Amino acid sequence: TEDEAKWITKETVNNFREHVNPGFLEYRKTVTKDGQFAAVEWSDEGSCFKDVNGKKYIDCLGGFGIYNVGHRNKKVVKAVTDQLKRQALHSQDLLDPLRAILAKILADITPGDLKYSFFTNSGTESVEAALKLAKMYSDRSTFISTTRSFHGKSLGSLSGTAKGMFRKPFLPLIPGFRHVPFGDIDMMRKTFETSALVGEDVAAVILEPIQGEGGIILPPEGYLKQVRDLCDQYDALLIFDEVQTGMGRTGKMFCAEVYNVVPDILCLAKAFGGGVMPAGAVVGKEKVFKSWFDNPFMHTTTFGGNPLACAAAIATIDVLLEEDLPSRAAEVGEYFLQGLKDAAVGHEDKVMEIRGKGLMIGIEFHKDEVGYEVSKALFDRGILVAGTLVNSKTIRIEPSLTISYEEVNTVINAFKEVLPTVK
Ligand code: PMP
């Protein structure tokens with residue numbers, strides 16, 4: 001209960017502040033007043049939480065897109081606590097029934113003929129597994145990724161991530177990665193044609209169907225289909241990194257369905273664990289996974305697919321389907337997007353563009369300072385929004401898909417109030 005959560009005091013927070021990376025505290029000053037960081041004391045079962053001062057926030061940062069079924073969703077919490085009474089982690093050599101059930105559910109709900117799953121603990125690990133899977137399948141070593149992409153920061157996934165600042169200290173990364181502008185099919189084609197073996201060396205194209213950290217960048221009309229065709233032409237795999245777009249966020253269970261394009265490999269994480277457990281998955285076609293069957297121990301992880309994570313993921317999918325939250329994301333998202341656009345009328349000197357799909361919305365400003373000021377002013381009004389790792393001029397709105405219209409209106413009104421106050 002809320003009362004039981006009172007063990008975190010302001011003093012606790014101040015004590016542990018000393019041990020927080022000073023760079024992070026400095027960063028907080030750019031997005032919150034006085035560098036406050038809303039230490040969460042208690043979150044409700046929807047879209048809100050309270051900080052140690054008892055101040056309530058509407059969480060539009062949403063753990064960077066993990067709370068699709070709400071904070072502490074009752075059914076997910078129950079599934080995990082029930083599972084905890086039976087078994088927590090597992091001894092890997094036994095076939096865990098929950099893992100098999102979850103794999104079957106994923107085969108059923110993912111588009112096309114995606115059939116097998118490997119379970120991970122994070123988005124980064126899902127991407128890492130996808131890249132290794134593509135290499136094993138194809139015996140090729142060139143990967144085509146996109147500019148402004150974000151796929152994680154482990155050495156393999158970072159090779160796919162575009163942002164120079166994150167890459168530079170760790171160069172050289174895995175050789176063979178080429179980055180082309182997201183949305184530019186001609187450059188993508190040229191990259192295939194000018195690769196060492198004229199496309200025959202391309203293991204896979206990896207991309208986010210809608211770029212998240214890049215600033216909520218939607219693909220141009222027909223782009224993803226054209227990429228699919230190019231991959232087919234050169235027998236290269238298509239990897240969709242749906243770590244952020246998956247699990248109902250963009251108005252369908254998977255963003256692949258929004259654009260009607262089936263990838264060969266689908267990466268999931270974030271909201272996959274229902275905002276309760278860290279959990280991820282890489283789902284692939286049979287032909288892709290076959291290369292793994294010869295040696296199932298080629299890629300393994302101790303905690304991936306543990307019973308608690310599987311229980312959380314199964315319950316999460318249940319809630320998403322039962323409450324038809326993907327459709328709700330489409331509906332509420334459209335209303336939210338329009339409301340924000342209307343609020344920004346007359347402020348074109350500050351706001352460059354507001355765009356999105358479902359409840360994945362980006363507000364791009366002409367200058368990043370304006371974005372920071374808006375974030376701060378919203379924070380003061382009890383609304384938490386997210387910056388983006390790759391595009392600092394854009395703030396992101398990724399609340400629970402259960403967010404009420406009343407809460408959405410509160411955010412829209414606050415945005416309207418705040419815009420005239422920032423320079
Ligand atoms: N891929 C995408 C598209 C992401 O947005 C992120 C996280 N922002 C990742 C991969 C990495 O996921 P994680 O932080 O869970 O490792």
# chains A, B, ... in the order shown; residues from 1 in each chain; ligands from 1
>>> residues_near_ligand(ligand="ligand 1", cutoff="6 Å", atoms="only C-alpha atoms and all ligand atoms", output="number ranges by chain")
A: 122-124, 150-152, 208, 212-213, 241-244, 270
>>> write_last_selection(atoms="N, CA and C atoms", output="PDB file, in the first residue's frame")
ATOM      1  N   SER A 122      17.152  -7.831 -21.573  1.00  0.00           N
ATOM      2  CA  SER A 122      17.148  -6.404 -21.929  1.00  0.00           C
ATOM      3  C   SER A 122      17.082  -6.251 -23.440  1.00  0.00           C
ATOM      4  N   GLY A 123      16.844  -5.008 -23.880  1.00  0.00           N
ATOM      5  CA  GLY A 123      16.815  -4.722 -25.303  1.00  0.00           C
ATOM      6  C   GLY A 123      18.174  -4.944 -25.946  1.00  0.00           C
ATOM      7  N   THR A 124      19.196  -4.500 -25.257  1.00  0.00           N
ATOM      8  CA  THR A 124      20.555  -4.667 -25.755  1.00  0.00           C
ATOM      9  C   THR A 124      20.841  -6.137 -26.038  1.00  0.00           C
ATOM     10  N   PHE A 150      19.135   3.692 -32.537  1.00  0.00           N
ATOM     11  CA  PHE A 150      19.636   3.279 -31.223  1.00  0.00           C
ATOM     12  C   PHE A 150      19.298   1.811 -31.022  1.00  0.00           C
ATOM     13  N   HIS A 151      20.348   1.013 -30.779  1.00  0.00           N
ATOM     14  CA  HIS A 151      20.119  -0.416 -30.589  1.00  0.00           C
ATOM     15  C   HIS A 151      20.729  -0.945 -29.300  1.00  0.00           C
ATOM     16  N   GLY A 152      21.321  -0.060 -28.493  1.00  0.00           N
ATOM     17  CA  GLY A 152      21.951  -0.502 -27.261  1.00  0.00           C
ATOM     18  C   GLY A 152      23.391  -0.048 -27.214  1.00  0.00           C
ATOM     19  N   GLU A 208      14.882   0.246 -36.480  1.00  0.00           N
ATOM     20  CA  GLU A 208      13.667   0.423 -35.683  1.00  0.00           C
ATOM     21  C   GLU A 208      12.594   0.891 -36.666  1.00  0.00           C
ATOM     22  N   GLY A 212      13.066   5.557 -32.039  1.00  0.00           N
ATOM     23  CA  GLY A 212      12.688   6.100 -30.735  1.00  0.00           C
ATOM     24  C   GLY A 212      13.663   7.149 -30.228  1.00  0.00           C
ATOM     25  N   GLU A 213      14.859   6.688 -29.887  1.00  0.00           N
ATOM     26  CA  GLU A 213      15.878   7.608 -29.338  1.00  0.00           C
ATOM     27  C   GLU A 213      16.282   8.652 -30.368  1.00  0.00           C
ATOM     28  N   ASP A 241      14.087  -3.913 -34.772  1.00  0.00           N
ATOM     29  CA  ASP A 241      14.311  -3.677 -33.347  1.00  0.00           C
ATOM     30  C   ASP A 241      13.052  -2.998 -32.812  1.00  0.00           C
ATOM     31  N   GLU A 242      12.191  -3.811 -32.218  1.00  0.00           N
ATOM     32  CA  GLU A 242      10.922  -3.288 -31.681  1.00  0.00           C
ATOM     33  C   GLU A 242      10.965  -3.209 -30.153  1.00  0.00           C
ATOM     34  N   VAL A 243      12.170  -3.005 -29.649  1.00  0.00           N
ATOM     35  CA  VAL A 243      12.333  -2.898 -28.199  1.00  0.00           C
ATOM     36  C   VAL A 243      11.447  -1.770 -27.647  1.00  0.00           C
ATOM     37  N   GLN A 244      11.345  -0.701 -28.398  1.00  0.00           N
ATOM     38  CA  GLN A 244      10.556   0.446 -27.943  1.00  0.00           C
ATOM     39  C   GLN A 244       9.167   0.488 -28.601  1.00  0.00           C
ATOM     40  N   LYS A 270      11.894  -3.968 -22.993  1.00  0.00           N
ATOM     41  CA  LYS A 270      11.154  -2.873 -22.342  1.00  0.00           C
ATOM     42  C   LYS A 270       9.787  -3.328 -21.806  1.00  0.00           C
TER      43      LYS A 270
END
>>> closest_atom_pairs(of="range 305-381 of chain A", to="range 50-59 of chain A", cutoff="10 Å", atoms="only C-alpha atoms", output="tab-separated table")
residue	atom	partner	partner_atom	distance
A:Leu378	CA	A:Tyr57	CA	9.7
A:Phe379	CA	A:Tyr57	CA	7.9
A:Asp380	CA	A:Tyr57	CA	9.3
A:Arg381	CA	A:Tyr57	CA	8.0
>>> write_last_selection(atoms="C-alpha atoms", output="short mmCIF file (atom, residue, chain, number, x, y, z; two decimals), in the first residue's frame")
data_model
loop_
_atom_site.label_atom_id
_atom_site.label_comp_id
_atom_site.auth_asym_id
_atom_site.auth_seq_id
_atom_site.Cartn_x
_atom_site.Cartn_y
_atom_site.Cartn_z
CA LEU A 378 6.28 20.43 -17.14
CA PHE A 379 8.19 18.78 -14.30
CA ASP A 380 7.17 21.67 -12.04
CA ARG A 381 3.58 20.99 -13.02
#
>>> atom_distance(atom1="CA of Cys48 in chain A", atom2="CA of Gly356 in chain A")
21.8 Å
>>> select_by_dssp(residues="range 70-281 of chain A", states="strand (DSSP E or B)", output="compact mmCIF listing (two decimals) with C-alpha atoms, in the first residue's frame")
# COMPACT_ATOMS: atom_id res chain seq x y z
CA LEU A 114 7.96 -15.85 -36.86
CA LYS A 115 8.16 -19.05 -34.87
CA TYR A 116 11.02 -19.47 -32.39
CA SER A 117 12.11 -17.29 -29.50
CA PHE A 118 15.24 -16.81 -27.44
CA PHE A 119 14.72 -14.95 -24.18
CA THR A 120 16.90 -12.18 -22.84
CA THR A 142 28.15 -6.91 -43.32
CA PHE A 143 25.29 -5.22 -41.47
CA ILE A 144 23.36 -2.21 -42.67
CA SER A 145 22.04 0.05 -39.94
CA THR A 146 20.54 3.53 -40.06
CA PHE A 177 28.55 -2.09 -39.99
CA ARG A 178 27.45 0.55 -42.48
CA HIS A 179 25.02 3.32 -41.53
CA VAL A 180 22.68 4.83 -44.08
CA VAL A 202 25.10 -8.41 -46.29
CA ALA A 203 23.93 -10.50 -43.35
CA ALA A 204 21.10 -8.20 -42.34
CA VAL A 205 19.55 -4.78 -42.25
CA ILE A 206 18.72 -3.73 -38.71
CA LEU A 207 16.36 -0.87 -37.98
CA GLN A 211 13.05 5.44 -34.45
CA ILE A 217 11.13 9.42 -36.60
CA LEU A 237 17.74 -10.80 -43.24
CA LEU A 238 15.57 -7.96 -42.00
CA ILE A 239 15.81 -7.31 -38.26
CA PHE A 240 13.19 -5.08 -36.67
CA ASP A 241 14.31 -3.68 -33.35
CA ILE A 265 13.91 -11.34 -36.70
CA LEU A 266 12.03 -9.24 -34.16
CA CYS A 267 13.72 -7.81 -31.03
CA LEU A 268 11.61 -7.15 -27.96
CA GLY A 280 13.29 -9.42 -23.56
CA ALA A 281 13.01 -11.76 -26.50
>>> residues_around(residues="range 392-400 of chain A", least_positions_apart="4", cutoff="7 Å", atoms="only C-alpha atoms", output="PyMOL selection string")
chain A and resi 46-47+59-62+64-65+67-70+215+359-368+371+385-388
>>> closest_atom_pairs(of="range 271-382 of chain A", to="range 18-35 of chain A", cutoff="6 Å", atoms="only C-alpha atoms", output="tab-separated table")
residue	atom	partner	partner_atom	distance
A:Tyr372	CA	A:Val31	CA	5.1
A:Ser375	CA	A:Val31	CA	5.5
A:Lys376	CA	A:Thr32	CA	4.5
>>> select_by_dssp(residues="range 193-362 of chain A", states="alpha helix (DSSP H)", output="JSON, numbers by chain")
{"A": [193, 223, 224, 225, 226, 227, 228, 229, 230, 231, 232, 233, 255, 256, 257, 258, 286, 287, 288, 289, 290, 291, 292, 293, 307, 308, 309, 310, 311, 312, 313, 314, 315, 316, 317, 318, 319, 320, 321, 322, 325, 326, 327, 328, 329, 330, 331, 332, 333, 334, 335, 336, 337, 338, 339, 340, 341, 342, 343]}
>>> write_last_selection(atoms="C-alpha atoms", output="PDB file, in the first residue's frame")
ATOM      1  CA  GLU A 193      25.364  -2.561 -54.436  1.00  0.00           C
ATOM      2  CA  TYR A 223      10.002   2.667 -47.038  1.00  0.00           C
ATOM      3  CA  LEU A 224       9.847  -0.454 -44.874  1.00  0.00           C
ATOM      4  CA  LYS A 225       8.294  -2.492 -47.711  1.00  0.00           C
ATOM      5  CA  GLN A 226      11.075  -1.358 -50.039  1.00  0.00           C
ATOM      6  CA  VAL A 227      13.691  -2.344 -47.465  1.00  0.00           C
ATOM      7  CA  ARG A 228      11.981  -5.746 -47.183  1.00  0.00           C
ATOM      8  CA  ASP A 229      12.190  -6.144 -50.980  1.00  0.00           C
ATOM      9  CA  LEU A 230      15.873  -5.209 -51.041  1.00  0.00           C
ATOM     10  CA  CYS A 231      16.638  -7.739 -48.307  1.00  0.00           C
ATOM     11  CA  ASP A 232      14.782 -10.412 -50.270  1.00  0.00           C
ATOM     12  CA  GLN A 233      16.639  -9.499 -53.473  1.00  0.00           C
ATOM     13  CA  CYS A 255       4.851  -1.839 -35.278  1.00  0.00           C
ATOM     14  CA  ALA A 256       5.582  -4.340 -38.077  1.00  0.00           C
ATOM     15  CA  GLU A 257       1.792  -4.711 -38.338  1.00  0.00           C
ATOM     16  CA  VAL A 258       1.272  -0.949 -38.562  1.00  0.00           C
ATOM     17  CA  GLU A 286      12.318 -21.117 -38.512  1.00  0.00           C
ATOM     18  CA  LYS A 287      14.911 -20.833 -41.309  1.00  0.00           C
ATOM     19  CA  VAL A 288      16.861 -18.349 -39.191  1.00  0.00           C
ATOM     20  CA  PHE A 289      16.742 -20.304 -35.959  1.00  0.00           C
ATOM     21  CA  LYS A 290      17.690 -23.552 -37.715  1.00  0.00           C
ATOM     22  CA  SER A 291      21.315 -22.428 -37.700  1.00  0.00           C
ATOM     23  CA  TRP A 292      21.113 -22.414 -33.936  1.00  0.00           C
ATOM     24  CA  PHE A 293      19.647 -25.906 -33.616  1.00  0.00           C
ATOM     25  CA  PRO A 307      10.219 -18.182 -14.718  1.00  0.00           C
ATOM     26  CA  LEU A 308       9.517 -14.789 -13.121  1.00  0.00           C
ATOM     27  CA  ALA A 309      10.227 -12.914 -16.360  1.00  0.00           C
ATOM     28  CA  CYS A 310       8.143 -15.398 -18.373  1.00  0.00           C
ATOM     29  CA  ALA A 311       5.240 -15.152 -15.934  1.00  0.00           C
ATOM     30  CA  ALA A 312       5.396 -11.354 -16.265  1.00  0.00           C
ATOM     31  CA  ALA A 313       5.543 -11.458 -20.074  1.00  0.00           C
ATOM     32  CA  ILE A 314       2.657 -13.942 -20.376  1.00  0.00           C
ATOM     33  CA  ALA A 315       0.479 -11.835 -18.058  1.00  0.00           C
ATOM     34  CA  THR A 316       1.478  -8.681 -19.931  1.00  0.00           C
ATOM     35  CA  ILE A 317       0.400 -10.112 -23.287  1.00  0.00           C
ATOM     36  CA  ASP A 318      -2.817 -11.307 -21.644  1.00  0.00           C
ATOM     37  CA  VAL A 319      -3.612  -7.797 -20.417  1.00  0.00           C
ATOM     38  CA  LEU A 320      -2.687  -6.187 -23.749  1.00  0.00           C
ATOM     39  CA  LEU A 321      -5.033  -8.557 -25.600  1.00  0.00           C
ATOM     40  CA  GLU A 322      -7.851  -8.658 -23.068  1.00  0.00           C
ATOM     41  CA  LEU A 325      -4.592  -1.818 -25.354  1.00  0.00           C
ATOM     42  CA  PRO A 326      -2.962  -1.575 -28.810  1.00  0.00           C
ATOM     43  CA  SER A 327      -6.231  -0.163 -30.223  1.00  0.00           C
ATOM     44  CA  ARG A 328      -6.502   2.096 -27.203  1.00  0.00           C
ATOM     45  CA  ALA A 329      -2.972   3.372 -27.899  1.00  0.00           C
ATOM     46  CA  ALA A 330      -4.034   4.190 -31.465  1.00  0.00           C
ATOM     47  CA  GLU A 331      -7.151   6.045 -30.318  1.00  0.00           C
ATOM     48  CA  VAL A 332      -5.761   7.918 -27.345  1.00  0.00           C
ATOM     49  CA  GLY A 333      -2.538   8.569 -29.241  1.00  0.00           C
ATOM     50  CA  GLU A 334      -4.375  10.294 -32.078  1.00  0.00           C
ATOM     51  CA  TYR A 335      -6.269  12.491 -29.611  1.00  0.00           C
ATOM     52  CA  PHE A 336      -3.065  13.275 -27.692  1.00  0.00           C
ATOM     53  CA  LEU A 337      -1.123  14.121 -30.861  1.00  0.00           C
ATOM     54  CA  GLN A 338      -3.854  16.412 -32.164  1.00  0.00           C
ATOM     55  CA  GLY A 339      -4.206  18.121 -28.784  1.00  0.00           C
ATOM     56  CA  LEU A 340      -0.483  18.832 -28.604  1.00  0.00           C
ATOM     57  CA  LYS A 341      -0.463  20.103 -32.204  1.00  0.00           C
ATOM     58  CA  ASP A 342      -3.387  22.427 -31.451  1.00  0.00           C
ATOM     59  CA  ALA A 343      -1.632  23.674 -28.313  1.00  0.00           C
TER      60      ALA A 343
END
>>> closest_atom_pairs(of="range 154-253 of chain A", to="range 101-112 of chain A", cutoff="12 Å", atoms="only C-alpha atoms", output="JSON lines")
{"residue": "A:Phe240", "atom": "CA", "partner": "A:Pro111", "partner_atom": "CA", "distance": 11.9}
{"residue": "A:Glu242", "atom": "CA", "partner": "A:Thr110", "partner_atom": "CA", "distance": 11.5}
{"residue": "A:Gly246", "atom": "CA", "partner": "A:Thr110", "partner_atom": "CA", "distance": 10.1}
{"residue": "A:Met247", "atom": "CA", "partner": "A:Thr110", "partner_atom": "CA", "distance": 10.1}
{"residue": "A:Gly248", "atom": "CA", "partner": "A:Ile109", "partner_atom": "CA", "distance": 11.4}
{"residue": "A:Lys252", "atom": "CA", "partner": "A:Thr110", "partner_atom": "CA", "distance": 10.6}
{"residue": "A:Met253", "atom": "CA", "partner": "A:Ile109", "partner_atom": "CA", "distance": 7.9}
>>> decode(residues="range 300-323 of chain A", atoms="N, CA and C atoms", output="short mmCIF file (atom, residue, chain, number, x, y, z; two decimals), in the first residue's frame")
data_model
loop_
_atom_site.label_atom_id
_atom_site.label_comp_id
_atom_site.auth_asym_id
_atom_site.auth_seq_id
_atom_site.Cartn_x
_atom_site.Cartn_y
_atom_site.Cartn_z
N THR A 300 23.99 -18.28 -25.02
CA THR A 300 23.17 -18.60 -23.85
C THR A 300 23.20 -17.44 -22.85
N THR A 301 22.29 -17.45 -21.91
CA THR A 301 22.32 -16.49 -20.82
C THR A 301 21.68 -17.13 -19.59
N THR A 302 22.27 -16.88 -18.43
CA THR A 302 21.79 -17.54 -17.20
C THR A 302 20.36 -17.15 -16.87
N PHE A 303 20.08 -15.86 -16.94
CA PHE A 303 18.77 -15.40 -16.46
C PHE A 303 17.70 -15.29 -17.54
N GLY A 304 18.10 -15.29 -18.81
CA GLY A 304 17.13 -15.09 -19.89
C GLY A 304 16.02 -16.13 -19.81
N GLY A 305 14.78 -15.69 -19.91
CA GLY A 305 13.65 -16.61 -19.89
C GLY A 305 13.42 -17.26 -18.54
N ASN A 306 13.86 -16.58 -17.47
CA ASN A 306 13.61 -17.17 -16.15
C ASN A 306 12.10 -17.15 -15.85
N PRO A 307 11.67 -18.03 -14.94
CA PRO A 307 10.22 -18.18 -14.72
C PRO A 307 9.51 -16.88 -14.31
N LEU A 308 10.17 -16.04 -13.54
CA LEU A 308 9.52 -14.79 -13.12
C LEU A 308 9.30 -13.88 -14.32
N ALA A 309 10.33 -13.77 -15.17
CA ALA A 309 10.23 -12.91 -16.36
C ALA A 309 9.16 -13.46 -17.31
N CYS A 310 9.14 -14.80 -17.47
CA CYS A 310 8.14 -15.40 -18.37
C CYS A 310 6.74 -15.18 -17.83
N ALA A 311 6.57 -15.36 -16.53
CA ALA A 311 5.24 -15.15 -15.93
C ALA A 311 4.80 -13.71 -16.19
N ALA A 312 5.73 -12.77 -16.04
CA ALA A 312 5.40 -11.35 -16.26
C ALA A 312 5.02 -11.12 -17.73
N ALA A 313 5.79 -11.69 -18.64
CA ALA A 313 5.54 -11.46 -20.07
C ALA A 313 4.21 -12.08 -20.51
N ILE A 314 3.93 -13.28 -20.01
CA ILE A 314 2.66 -13.94 -20.38
C ILE A 314 1.48 -13.10 -19.88
N ALA A 315 1.57 -12.65 -18.62
CA ALA A 315 0.48 -11.84 -18.06
C ALA A 315 0.35 -10.51 -18.81
N THR A 316 1.49 -9.95 -19.21
CA THR A 316 1.48 -8.68 -19.93
C THR A 316 0.73 -8.82 -21.26
N ILE A 317 1.05 -9.89 -21.99
CA ILE A 317 0.40 -10.11 -23.29
C ILE A 317 -1.10 -10.33 -23.08
N ASP A 318 -1.41 -11.07 -22.01
CA ASP A 318 -2.82 -11.31 -21.64
C ASP A 318 -3.56 -9.99 -21.46
N VAL A 319 -2.97 -9.09 -20.70
CA VAL A 319 -3.61 -7.80 -20.42
C VAL A 319 -3.73 -6.98 -21.71
N LEU A 320 -2.66 -6.97 -22.50
CA LEU A 320 -2.69 -6.19 -23.75
C LEU A 320 -3.82 -6.66 -24.65
N LEU A 321 -4.00 -8.00 -24.73
CA LEU A 321 -5.03 -8.56 -25.60
C LEU A 321 -6.42 -8.36 -25.01
N GLU A 322 -6.54 -8.71 -23.72
CA GLU A 322 -7.85 -8.66 -23.07
C GLU A 322 -8.43 -7.25 -23.08
N GLU A 323 -7.58 -6.28 -22.81
CA GLU A 323 -8.07 -4.89 -22.74
C GLU A 323 -7.89 -4.16 -24.07
#
